[in-house]
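**Q** One structure follows; several queries about it will come next.
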Number of protein chains: 4
Amino acid sequence: MEKTSSEQTIIEAALKVFSTKGYAETRMADIAKEAKLSYGLIYHYFENKEKLFDAIVGNWWNAIYEEIERLKNSPVSTREKLVGIVKFMLNAYNEMPELMSIFIAEVSRGYIYHSNPQRRENILKYLKVCEDIIREGQARGALRTDLRPKYLTYIFIGSVDTFLSVMVLGNEKLTKARETRIIDSVTSVFLHGAEAEEAH
Amino acid sequence: MEKTSSEQTIIEAALKVFSTKGYAETRMADIAKEAKLSYGLIYHYFENKEKLFDAIVGNWWNAIYEEIERLKNSPVSTREKLVGIVKFMLNAYNEMPELMSIFIAEVSRGYIYHSNPQRRENILKYLKVCEDIIREGQARGALRTDLRPKYLTYIFIGSVDTFLSVMVLGNEKLTKARETRIIDSVTSVFLHGAEAEEAH
Amino acid sequence: MEKTSSEQTIIEAALKVFSTKGYAETRMADIAKEAKLSYGLIYHYFENKEKLFDAIVGNWWNAIYEEIERLKNSPVSTREKLVGIVKFMLNAYNEMPELMSIFIAEVSRGYIYHSNPQRRENILKYLKVCEDIIREGQARGALRTDLRPKYLTYIFIGSVDTFLSVMVLGNEKLTKARETRIIDSVTSVFLHGAEAEEAH
Amino acid sequence: MEKTSSEQTIIEAALKVFSTKGYAETRMADIAKEAKLSYGLIYHYFENKEKLFDAIVGNWWNAIYEEIERLKNSPVSTREKLVGIVKFMLNAYNEMPELMSIFIAEVSRGYIYHSNPQRRENILKYLKVCEDIIREGQARGALRTDLRPKYLTYIFIGSVDTFLSVMVLGNEKLTKARETRIIDSVTSVFLHGAEAEEAH
DNA sequence: AATGAATGAGACTTCATTCAT
DNA sequence: TATGAATGAAGTCTCATTCAT
């Protein structure tokens with residue numbers, strides 16, 4: 001399962017180029033140049049451009065599922081699970097901003113057209129796993145039950161997504177303080193609302 | 001200012017094709033075929049593919065700005081303004097699902113790779129106008145002031161966006177009942193939070 | 001035979017554009033725009049681009065032939081006839097620099113490829129008429145007879161051409177003094193040579 | 001520095017097609033067909049049609065400069081230097097008639113419309129180097145000093161050019177005898193004039 | 001006479017992919 | 001493993017020309 005050095009080099013180069021130019025504007029030659037390898041070699045390891053892209057994104061999806069699944073099964077409060085999701089995504093942005101850029105631009109928005117049914121599945125599965133946590137939160141009395149779990153999920157995930165989008169767009173640096181502020185804001189509003197106390 | 005019949009036909013055909021296949025996969029020939037016109041004529045009216053796309057999206061942005069600006073200046077509560085935004089977007093989805101599909105899928109994506117600085121401007125202006133409403137809500141004591149208006153904006157807009165995304169993805173029909181449910185969910189969670197009452 | 005106003009406008013516009021961009025790079029739309037007329041109208045008067053070009057150049061050829069023929073038949077010395085040719089061409093450059101530009105760029109050099117046999121004929125006829133004068137000069141003892149009249153013609157015409165070329169290239173202004181200098185130089189060298197007297 | 005076989009094949013094919021049809025009428029597909037290679041490969045070696053053309057012409061300019069520079073610095077009489085120029089050009093016509101055809105037809109034309117400033121430079125440099133020889137001829141007392149060196153250059157170069165033009169136009173064969181005759185005619189007229197002896 | 005919308009063949013160029021070495 | 005020359009389908013766009021009005 002250990003990837004050869006060249007294969008890894010290609011993946012890293014592809015990640016960089018895809019995140020900079022987008023899938024459609026990325027040329028196999030760009031990747032080869034970035035990797036300082038011949039483009040013939042890319043085809044030695046990956047069937048074609050799409051498969052290369054999917055290889056990159058596939059890894060990422062697995063990491064997401066694994067983490068959210070882990071959170072889901074961990075014996076902590078719903079709030080902590082939600083915080084865990086935000087934390088994980090922000091951390092991912094910090095450590096792999098390129099991957100996050102692709103995630104936001106190509107996956108989270110661009111999936112719409114993807115003829116490839118696998119891609120549609122991925123995003124739906126992502127929403128599904130989050131929904132499980134929400135549903136459990138309702139079941140254990142932590143979350144309102146008058147709203148559909150699906151809807152709550154959209155609201156929560158949408159909030160997180162937009163933060164990531166804005167950061168990707170602005171190519172922003174994420175300090176520790178900022179990370180805390182974002183986690184606080186998202187979970188606080190999601191759980192308690194944005195209405196002023198005195199307005200109650 | 002009145003557009004010729006052919007120009008309108010081209011815009012409608014382009015809208016349809018762009019929303020179905022995405023910008024990158026759309027062929028000028030597809031648009032011409034859809035419009036039942038020669039593709040030479042497209043270039044008679046639009047400089048190139050990108051300009052045609054921008055013409056379509058530009059109109060849409062203007063409609064958004066106009067509406068949100070109108071809401072901002074209308075003498076209603078912050079809550080009603082937020083409801084107005086959600087209503088407007090859902091209504092737009094209902095009446096122009098193709099436009100909404102493009103909005104969701106292409107706009108933020110094209111922005112990330114910022115081939116065109118105009119696109120960056122558009123989305124930033126969109127967030128800006130929404131932020132004005134949020135900020136005003138804080139000023140008049142309707143919204144919490146312990147969180148940055150920018151962040152509140154991301155959370156609110158993100159929620160709406162994700163609903164639209166999911167509907168576009170699922171090619172879903174928006175009934176009146178569903179519309180009400182979504183509006184309720186989004187504003188209710190945004191204002192009061194998702195936490196169960198007894199959890200307070 | 002009187003040309004309508006529009007026809008004349010088109011010819012003048014075409015002259016300007018052809019001389020600025022060259023035949024290949026000239027667009028019918030450019031001519032229409034320059035003439036401030038619709039391009040449909042160009043086709044009302046001229047069958048196509050090539051015919052329009054030929055109409056312009058054709059007039060010019062006729063003027064050249066007429067003048068050289070006149071010189072040929074005028075009762076002056078060979079020297080004066082040669083001076084007359086140079087004078088005529090310089091004068092033409094002065095009064096119709098655009099026409100001269102076309103003549104140099106498209107006719108005198110570019111004719112090589114012209115599939116149109118008419119064009120080939122024109123240039124050959126031009127050389128032929130000049131050769132007549134040279135031949136007559138030899139016959140009347142004014143010019144050396146040890147060299148082929150054809151060759152003398154090439155040498156003379158070539159000299160004139162290059163002056164015109166350089167002026168066209170440099171977009172140069174032709175003052176009266178300069179005109180005299182060029183006429184002197186060309187005829188003097190052609191008749192007496194460029195060798196220094198003491199070198200004899 | 002060694003060109004690959006295919007690159008050389010492309011250059012030769014391009015030379016042939018350009019010289020036959022002219023730059024404007026040459027299709028990349030024609031070149032590919034002539035070279036019996038795919039047209040994609042042309043773009044593997046040359047950025048575009050213009051660059052391919054310039055590559056061909058650039059080589060030729062370098063050969064010209066080198067030769068004229070060599071002549072300029074060689075310890076022979078001015079007459080012999082002028083003979084050298086004519087010889088070189090006639091020889092070039094003999095060995096590379098296609099290149100000469102392009103030289104005659106396209107170079108000044110491309111220059112006039114100055115799409116490319118490099119072209120302007122080339123032709124000006126060409127005239128400049130020839131002028132150096134003329135100027136030196138005046139300095140060493142071999143040529144008249146009452147005429148501008150620039151003008152003498154135009155006259156000489158113009159004569160040579162026209163011979164080449166006519167040969168290219170007529171697709172003429174250059175025999176050894178003819179070559180001698182042309183060299184004699186051009187240099188003899190340039191140095192001693194075309195006037196009959198008895199006319200002095 | 002005049003307009004300019006409409007046509008569509010065909011040009012240049014791109015680029016994913018193959019394959020001989 | 002690795003290279004990069006070679007391929008060619010397919011895309012965007014141009015522009016001379018036609019034609020209904």
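Residues in the structure tokens are named by chain (A, B, ... in the order shown) and by number from 1 within that chain; ligands are numbered from 1 in the order shown.
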So that I can check the surroundings of segment 7-12 of chain E, please list as a PyMOL selection string every protein, DNA and RNA residue that reaches within 9 Å of it, counting only C-alpha atoms (C1' of nucleotides) and ignoring chain neighbours fewer than 3 positions away.
**A** (chain B and resi 37-41) or (chain D and resi 27-28+48-49) or (chain F and resi 13-14+17-18)
**Q** May I have the selected residues written with N, CA and C atoms (P, O5', C5', C4', C3', O3' and C1' of nucleotides), as a JSON list (two decimals), in the first residue's frame?
**A**
[["chain", "number", "residue", "atom", "x", "y", "z"],
["B", 37, "LEU", "N", -30.00, 28.25, -33.47],
["B", 37, "LEU", "CA", -29.40, 29.36, -34.22],
["B", 37, "LEU", "C", -27.98, 28.95, -34.58],
["B", 38, "SER", "N", -27.41, 29.62, -35.51],
["B", 38, "SER", "CA", -26.02, 29.30, -35.85],
["B", 38, "SER", "C", -25.11, 29.81, -34.75],
["B", 39, "TYR", "N", -23.97, 29.14, -34.58],
["B", 39, "TYR", "CA", -23.13, 29.61, -33.48],
["B", 39, "TYR", "C", -22.43, 30.90, -33.82],
["B", 40, "GLY", "N", -22.34, 31.19, -35.10],
["B", 40, "GLY", "CA", -21.78, 32.48, -35.47],
["B", 40, "GLY", "C", -22.56, 33.62, -34.84],
["B", 41, "LEU", "N", -23.85, 33.42, -34.72],
["B", 41, "LEU", "CA", -24.69, 34.50, -34.20],
["B", 41, "LEU", "C", -24.40, 34.79, -32.73],
["D", 27, "ARG", "N", -2.02, 27.13, -44.57],
["D", 27, "ARG", "CA", -2.77, 26.50, -43.48],
["D", 27, "ARG", "C", -1.81, 25.59, -42.71],
["D", 28, "MET", "N", -1.95, 25.59, -41.43],
["D", 28, "MET", "CA", -1.11, 24.71, -40.62],
["D", 28, "MET", "C", -1.31, 23.26, -41.09],
["D", 48, "ASN", "N", 3.29, 28.91, -32.44],
["D", 48, "ASN", "CA", 2.16, 29.14, -33.35],
["D", 48, "ASN", "C", 2.69, 29.43, -34.75],
["D", 49, "LYS", "N", 1.80, 29.72, -35.62],
["D", 49, "LYS", "CA", 2.14, 29.92, -37.02],
["D", 49, "LYS", "C", 3.18, 31.03, -37.19],
["F", 13, "DC", "P", -14.03, 31.68, -27.28],
["F", 13, "DC", "O5'", -13.81, 32.24, -28.75],
["F", 13, "DC", "C5'", -12.48, 32.26, -29.27],
["F", 13, "DC", "C4'", -12.53, 32.48, -30.76],
["F", 13, "DC", "C3'", -13.36, 33.68, -31.23],
["F", 13, "DC", "O3'", -12.45, 34.63, -31.74],
["F", 13, "DC", "C1'", -13.66, 31.77, -32.63],
["F", 14, "DT", "P", -12.94, 35.92, -32.42],
["F", 14, "DT", "O5'", -12.77, 35.60, -33.96],
["F", 14, "DT", "C5'", -11.58, 34.99, -34.39],
["F", 14, "DT", "C4'", -11.60, 34.91, -35.90],
["F", 14, "DT", "C3'", -12.07, 36.20, -36.57],
["F", 14, "DT", "O3'", -11.18, 36.41, -37.64],
["F", 14, "DT", "C1'", -13.40, 34.39, -37.31],
["F", 17, "DT", "P", -16.06, 37.13, -50.01],
["F", 17, "DT", "O5'", -17.60, 36.87, -49.76],
["F", 17, "DT", "C5'", -18.03, 35.53, -49.56],
["F", 17, "DT", "C4'", -19.46, 35.51, -49.10],
["F", 17, "DT", "C3'", -20.46, 36.32, -49.94],
["F", 17, "DT", "O3'", -21.35, 35.40, -50.52],
["F", 17, "DT", "C1'", -20.89, 36.53, -47.63],
["F", 18, "DT", "P", -22.40, 35.85, -51.57],
["F", 18, "DT", "O5'", -23.79, 35.59, -50.81],
["F", 18, "DT", "C5'", -23.91, 34.40, -50.06],
["F", 18, "DT", "C4'", -25.17, 34.47, -49.21],
["F", 18, "DT", "C3'", -26.41, 34.98, -49.95],
["F", 18, "DT", "O3'", -27.48, 34.11, -49.59],
["F", 18, "DT", "C1'", -26.08, 36.25, -48.00]]
**Q** Give me, as CSV, each residue of chain F that comes within 9 Å of chain D, together with its shortest interatomic pair and the distance in Å at one decimal, counting only C-alpha atoms (C1' of nucleotides), with rows ordered by chain and rising residue number.
**A**
residue,atom,partner,partner_atom,distance
F:DA5,C1',D:Leu41,CA,8.1
F:DA6,C1',D:Leu41,CA,6.4
F:DT7,C1',D:Ser38,CA,6.3
F:DG8,C1',D:Ser38,CA,7.3
**Q** Write out the coordinates of chain B as a short mmCIF file (atom, residue, chain, number, x, y, z; two decimals) with C-alpha atoms, in the first residue's frame after a least-squares overlay onto chain C built on all ordered Cα pairs.
**A**
data_model
loop_
_atom_site.label_atom_id
_atom_site.label_comp_id
_atom_site.auth_asym_id
_atom_site.auth_seq_id
_atom_site.Cartn_x
_atom_site.Cartn_y
_atom_site.Cartn_z
CA MET B 1 -19.11 56.26 -65.25
CA GLU B 2 -19.60 58.67 -62.37
CA LYS B 3 -19.33 56.69 -59.16
CA THR B 4 -22.00 57.15 -56.56
CA SER B 5 -21.03 58.90 -53.38
CA SER B 6 -21.21 55.72 -51.33
CA GLU B 7 -19.12 53.77 -53.75
CA GLN B 8 -16.46 56.46 -53.57
CA THR B 9 -16.68 56.52 -49.79
CA ILE B 10 -16.12 52.77 -49.72
CA ILE B 11 -13.14 52.98 -52.02
CA GLU B 12 -11.53 55.64 -49.90
CA ALA B 13 -12.18 53.77 -46.69
CA ALA B 14 -10.86 50.55 -48.19
CA LEU B 15 -7.76 52.33 -49.41
CA LYS B 16 -7.08 53.59 -45.95
CA VAL B 17 -7.61 50.28 -44.21
CA PHE B 18 -5.80 48.16 -46.76
CA SER B 19 -2.81 50.45 -46.60
CA THR B 20 -2.74 50.41 -42.83
CA LYS B 21 -3.28 46.76 -42.08
CA GLY B 22 -2.57 45.01 -45.33
CA TYR B 23 -4.92 42.92 -47.36
CA ALA B 24 -4.86 39.84 -45.20
CA GLU B 25 -5.44 41.66 -41.95
CA THR B 26 -8.13 43.94 -43.30
CA ARG B 27 -11.64 43.08 -42.19
CA MET B 28 -14.61 44.02 -44.27
CA ALA B 29 -16.09 45.30 -41.05
CA ASP B 30 -13.13 47.63 -40.63
CA ILE B 31 -13.80 49.13 -44.01
CA ALA B 32 -17.48 49.52 -43.28
CA LYS B 33 -16.73 51.18 -39.98
CA GLU B 34 -14.19 53.47 -41.58
CA ALA B 35 -16.73 54.37 -44.26
CA LYS B 36 -19.46 54.70 -41.66
CA LEU B 37 -21.67 52.46 -43.77
CA SER B 38 -23.10 49.03 -43.28
CA TYR B 39 -20.95 46.24 -44.58
CA GLY B 40 -23.82 44.93 -46.59
CA LEU B 41 -23.44 47.96 -48.78
CA ILE B 42 -19.91 47.06 -49.67
CA TYR B 43 -21.26 43.91 -51.23
CA HIS B 44 -23.82 45.96 -53.04
CA TYR B 45 -21.01 47.58 -54.96
CA PHE B 46 -18.25 45.00 -54.91
CA GLU B 47 -18.54 41.31 -55.34
CA ASN B 48 -16.11 40.49 -52.57
CA LYS B 49 -13.01 41.60 -50.77
CA GLU B 50 -10.69 40.62 -53.59
CA LYS B 51 -12.70 42.46 -56.22
CA LEU B 52 -12.77 45.56 -54.06
CA PHE B 53 -9.02 45.39 -53.70
CA ASP B 54 -8.55 44.86 -57.41
CA ALA B 55 -10.83 47.78 -58.20
CA ILE B 56 -8.60 50.04 -56.18
CA VAL B 57 -5.37 48.70 -57.56
CA GLY B 58 -6.76 48.57 -61.09
CA ASN B 59 -7.37 52.29 -61.13
CA TRP B 60 -3.88 52.86 -60.00
CA TRP B 61 -2.33 50.65 -62.63
CA ASN B 62 -4.24 52.48 -65.29
CA ALA B 63 -2.89 55.78 -64.06
CA ILE B 64 0.64 54.40 -64.13
CA TYR B 65 0.34 53.00 -67.62
CA GLU B 66 -1.14 56.17 -68.92
CA GLU B 67 1.66 58.28 -67.51
CA ILE B 68 4.51 56.04 -68.58
CA GLU B 69 2.98 55.65 -72.01
CA ARG B 70 2.70 59.41 -72.21
CA LEU B 71 6.35 59.77 -71.25
CA LYS B 72 7.36 57.14 -73.74
CA ASN B 73 5.71 59.01 -76.56
CA SER B 74 6.75 62.48 -75.53
CA PRO B 75 9.52 64.12 -77.56
CA VAL B 76 12.04 64.48 -74.77
CA SER B 77 15.38 62.92 -73.99
CA THR B 78 15.67 59.51 -72.37
CA ARG B 79 17.03 61.15 -69.30
CA GLU B 80 13.95 63.32 -69.03
CA LYS B 81 11.74 60.30 -69.47
CA LEU B 82 13.48 58.50 -66.63
CA VAL B 83 13.22 61.59 -64.50
CA GLY B 84 9.54 61.66 -65.40
CA ILE B 85 9.03 58.17 -64.05
CA VAL B 86 10.70 58.92 -60.75
CA LYS B 87 8.84 62.21 -60.48
CA PHE B 88 5.53 60.55 -61.16
CA MET B 89 6.08 57.88 -58.53
CA LEU B 90 7.30 60.31 -55.89
CA ASN B 91 4.40 62.59 -56.66
CA ALA B 92 2.03 59.66 -56.31
CA TYR B 93 3.57 58.87 -52.95
CA ASN B 94 3.03 62.43 -51.89
CA GLU B 95 -0.54 62.63 -52.98
CA MET B 96 -1.65 59.09 -52.30
CA PRO B 97 0.72 57.53 -49.80
CA GLU B 98 -1.87 54.91 -49.01
CA LEU B 99 -2.07 53.77 -52.57
CA MET B 100 1.68 53.66 -52.75
CA SER B 101 1.83 51.62 -49.61
CA ILE B 102 -0.48 49.08 -51.15
CA PHE B 103 1.45 49.14 -54.37
CA ILE B 104 4.72 48.40 -52.68
CA ALA B 105 3.49 45.91 -50.18
CA GLU B 106 0.74 44.00 -51.87
CA VAL B 107 1.23 44.12 -55.53
CA SER B 108 4.44 42.23 -55.91
CA ARG B 109 3.47 39.93 -53.10
CA GLY B 110 0.10 39.06 -54.51
CA TYR B 111 1.82 38.55 -57.78
CA ILE B 112 4.26 36.03 -56.46
CA TYR B 113 1.52 33.82 -55.18
CA HIS B 114 -0.36 34.63 -58.35
CA SER B 115 -3.77 33.76 -57.03
CA ASN B 116 -4.99 36.08 -59.72
CA PRO B 117 -3.47 36.02 -63.19
CA GLN B 118 -4.55 39.61 -63.76
CA ARG B 119 -2.04 40.71 -61.18
CA ARG B 120 0.75 38.98 -62.98
CA GLU B 121 -0.25 40.75 -66.14
CA ASN B 122 -0.24 44.13 -64.48
CA ILE B 123 3.23 43.98 -63.11
CA LEU B 124 4.66 42.48 -66.27
CA LYS B 125 3.05 45.21 -68.33
CA TYR B 126 4.51 47.81 -65.98
CA LEU B 127 8.02 46.46 -66.46
CA LYS B 128 7.37 46.15 -70.18
CA VAL B 129 6.44 49.79 -70.67
CA CYS B 130 9.51 50.93 -68.75
CA GLU B 131 11.63 48.59 -70.81
CA ASP B 132 10.31 50.27 -73.96
CA ILE B 133 11.77 53.55 -72.80
CA ILE B 134 15.08 51.93 -71.96
CA ARG B 135 15.20 50.15 -75.29
CA GLU B 136 14.48 53.36 -77.11
CA GLY B 137 17.25 55.02 -75.12
CA GLN B 138 19.64 52.37 -76.37
CA ALA B 139 18.39 52.77 -79.92
CA ARG B 140 18.94 56.48 -79.95
CA GLY B 141 22.40 56.08 -78.48
CA ALA B 142 21.66 57.47 -75.06
CA LEU B 143 22.15 54.24 -73.16
CA ARG B 144 24.74 51.48 -73.21
CA THR B 145 23.88 48.65 -75.52
CA ASP B 146 26.20 46.08 -73.99
CA LEU B 147 23.62 45.30 -71.30
CA ARG B 148 20.21 43.78 -71.84
CA PRO B 149 17.40 46.32 -71.76
CA LYS B 150 15.52 44.06 -69.41
CA TYR B 151 18.35 44.18 -66.93
CA LEU B 152 18.70 47.93 -67.15
CA THR B 153 15.01 48.17 -66.49
CA TYR B 154 15.23 46.04 -63.37
CA ILE B 155 18.07 48.12 -62.07
CA PHE B 156 16.30 51.40 -62.64
CA ILE B 157 12.88 50.31 -61.41
CA GLY B 158 14.45 48.54 -58.46
CA SER B 159 16.16 51.72 -57.36
CA VAL B 160 12.94 53.68 -57.48
CA ASP B 161 11.01 50.94 -55.73
CA THR B 162 13.38 50.82 -52.83
CA PHE B 163 13.15 54.53 -52.24
CA LEU B 164 9.41 54.22 -52.18
CA SER B 165 9.62 51.21 -49.87
CA VAL B 166 11.79 52.99 -47.38
CA MET B 167 9.57 56.05 -47.41
CA VAL B 168 6.48 53.96 -46.92
CA LEU B 169 8.16 52.01 -44.17
CA GLY B 170 9.25 55.12 -42.36
CA ASN B 171 6.02 56.92 -43.14
CA GLU B 172 8.26 59.72 -44.30
CA LYS B 173 7.32 63.17 -45.43
CA LEU B 174 8.55 64.12 -48.86
CA THR B 175 9.70 67.70 -49.02
CA LYS B 176 10.40 69.43 -52.31
CA ALA B 177 14.12 69.47 -51.55
CA ARG B 178 14.12 65.81 -50.77
CA GLU B 179 12.23 65.01 -53.91
CA THR B 180 14.84 66.78 -55.97
CA ARG B 181 17.62 65.00 -54.13
CA ILE B 182 16.10 61.61 -54.77
CA ILE B 183 15.47 62.31 -58.44
CA ASP B 184 19.04 63.50 -58.81
CA SER B 185 20.50 60.55 -57.01
CA VAL B 186 18.56 57.91 -58.87
CA THR B 187 19.07 59.31 -62.35
CA SER B 188 22.64 60.35 -61.72
CA VAL B 189 23.70 56.95 -60.45
CA PHE B 190 21.72 55.16 -63.10
CA LEU B 191 23.27 57.19 -65.85
CA HIS B 192 26.78 57.95 -64.59
CA GLY B 193 27.37 55.46 -61.86
CA ALA B 194 28.31 55.75 -58.24
CA GLU B 195 32.00 55.46 -58.74
CA ALA B 196 34.07 58.39 -57.66
CA GLU B 197 35.41 60.47 -60.55
CA GLU B 198 39.00 60.07 -59.46
CA ALA B 199 38.48 56.35 -59.39
CA HIS B 200 38.12 56.24 -63.16
#
**Q** Using backbone DSSP assignments, extract all alpha helix (DSSP H) residues from segment 61-160 of chain A; output them as a ChimeraX atom specification.
**A** /A:61-73,78-95,97-102,117-139,149-160
**Q** Determine, for each residue of chain E having at least one atom at most 9 Å from an atom of chain A, the closest pair of atoms and their separation in Å to one decimal, counting only C-alpha atoms (C1' of nucleotides); order by chain and ascending number, as CSV.
**A**
residue,atom,partner,partner_atom,distance
E:DC15,C1',A:Arg27,CA,7.3
E:DA16,C1',A:Met28,CA,7.5
E:DT17,C1',A:Asn48,CA,8.1
E:DT18,C1',A:Gly40,CA,9.0
**Q** Could you turn the residues from that selection into a file that holds N, CA and C atoms (P, O5', C5', C4', C3', O3' and C1' of nucleotides), as a PDB file, in the first residue's frame?
**A**
ATOM      1  P    DC E  15      -5.054  23.837 -23.059  1.00  0.00           P
ATOM      2  O5'  DC E  15      -5.073  22.259 -22.968  1.00  0.00           O
ATOM      3  C5'  DC E  15      -6.262  21.592 -23.390  1.00  0.00           C
ATOM      4  C4'  DC E  15      -6.003  20.119 -23.486  1.00  0.00           C
ATOM      5  C3'  DC E  15      -4.920  19.605 -22.526  1.00  0.00           C
ATOM      6  O3'  DC E  15      -5.397  18.409 -21.978  1.00  0.00           O
ATOM      7  C1'  DC E  15      -4.438  18.896 -24.698  1.00  0.00           C
ATOM      8  P    DA E  16      -5.177  18.084 -20.465  1.00  0.00           P
ATOM      9  O5'  DA E  16      -5.801  16.618 -20.397  1.00  0.00           O
ATOM     10  C5'  DA E  16      -7.145  16.438 -20.822  1.00  0.00           C
ATOM     11  C4'  DA E  16      -7.275  15.153 -21.621  1.00  0.00           C
ATOM     12  C3'  DA E  16      -6.742  13.921 -20.925  1.00  0.00           C
ATOM     13  O3'  DA E  16      -7.627  12.850 -21.221  1.00  0.00           O
ATOM     14  C1'  DA E  16      -5.572  14.232 -22.964  1.00  0.00           C
ATOM     15  P    DT E  17      -7.429  11.502 -20.458  1.00  0.00           P
ATOM     16  O5'  DT E  17      -6.494  10.693 -21.455  1.00  0.00           O
ATOM     17  C5'  DT E  17      -6.968  10.448 -22.768  1.00  0.00           C
ATOM     18  C4'  DT E  17      -5.861   9.896 -23.632  1.00  0.00           C
ATOM     19  C3'  DT E  17      -5.091   8.705 -23.051  1.00  0.00           C
ATOM     20  O3'  DT E  17      -5.355   7.592 -23.893  1.00  0.00           O
ATOM     21  C1'  DT E  17      -3.656  10.226 -24.155  1.00  0.00           C
ATOM     22  P    DT E  18      -4.827   6.181 -23.489  1.00  0.00           P
ATOM     23  O5'  DT E  18      -3.777   5.884 -24.653  1.00  0.00           O
ATOM     24  C5'  DT E  18      -4.113   6.275 -25.977  1.00  0.00           C
ATOM     25  C4'  DT E  18      -2.908   6.144 -26.878  1.00  0.00           C
ATOM     26  C3'  DT E  18      -2.118   4.855 -26.694  1.00  0.00           C
ATOM     27  O3'  DT E  18      -1.813   4.371 -27.992  1.00  0.00           O
ATOM     28  C1'  DT E  18      -0.661   6.688 -26.480  1.00  0.00           C
TER      29       DT E  18
END
**Q** Any idea what the distance is between atom C1' of DT3 of chain E and atom C1' of DC15 of chain F?
**A**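 Between these atoms lies a distance of 18.0 Å.
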**Q** What gap, in Å, lies between atom C1' of DA2 of chain E and atom C1' of DA16 of chain F?
**A**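 These atoms are spaced 18.8 Å apart.
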**Q** Between atom C1' of DT14 of chain E and atom C1' of DG4 of chain F, what is the spacing in Å?
**A**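 That distance, rounded to one decimal, is 17.3 Å.
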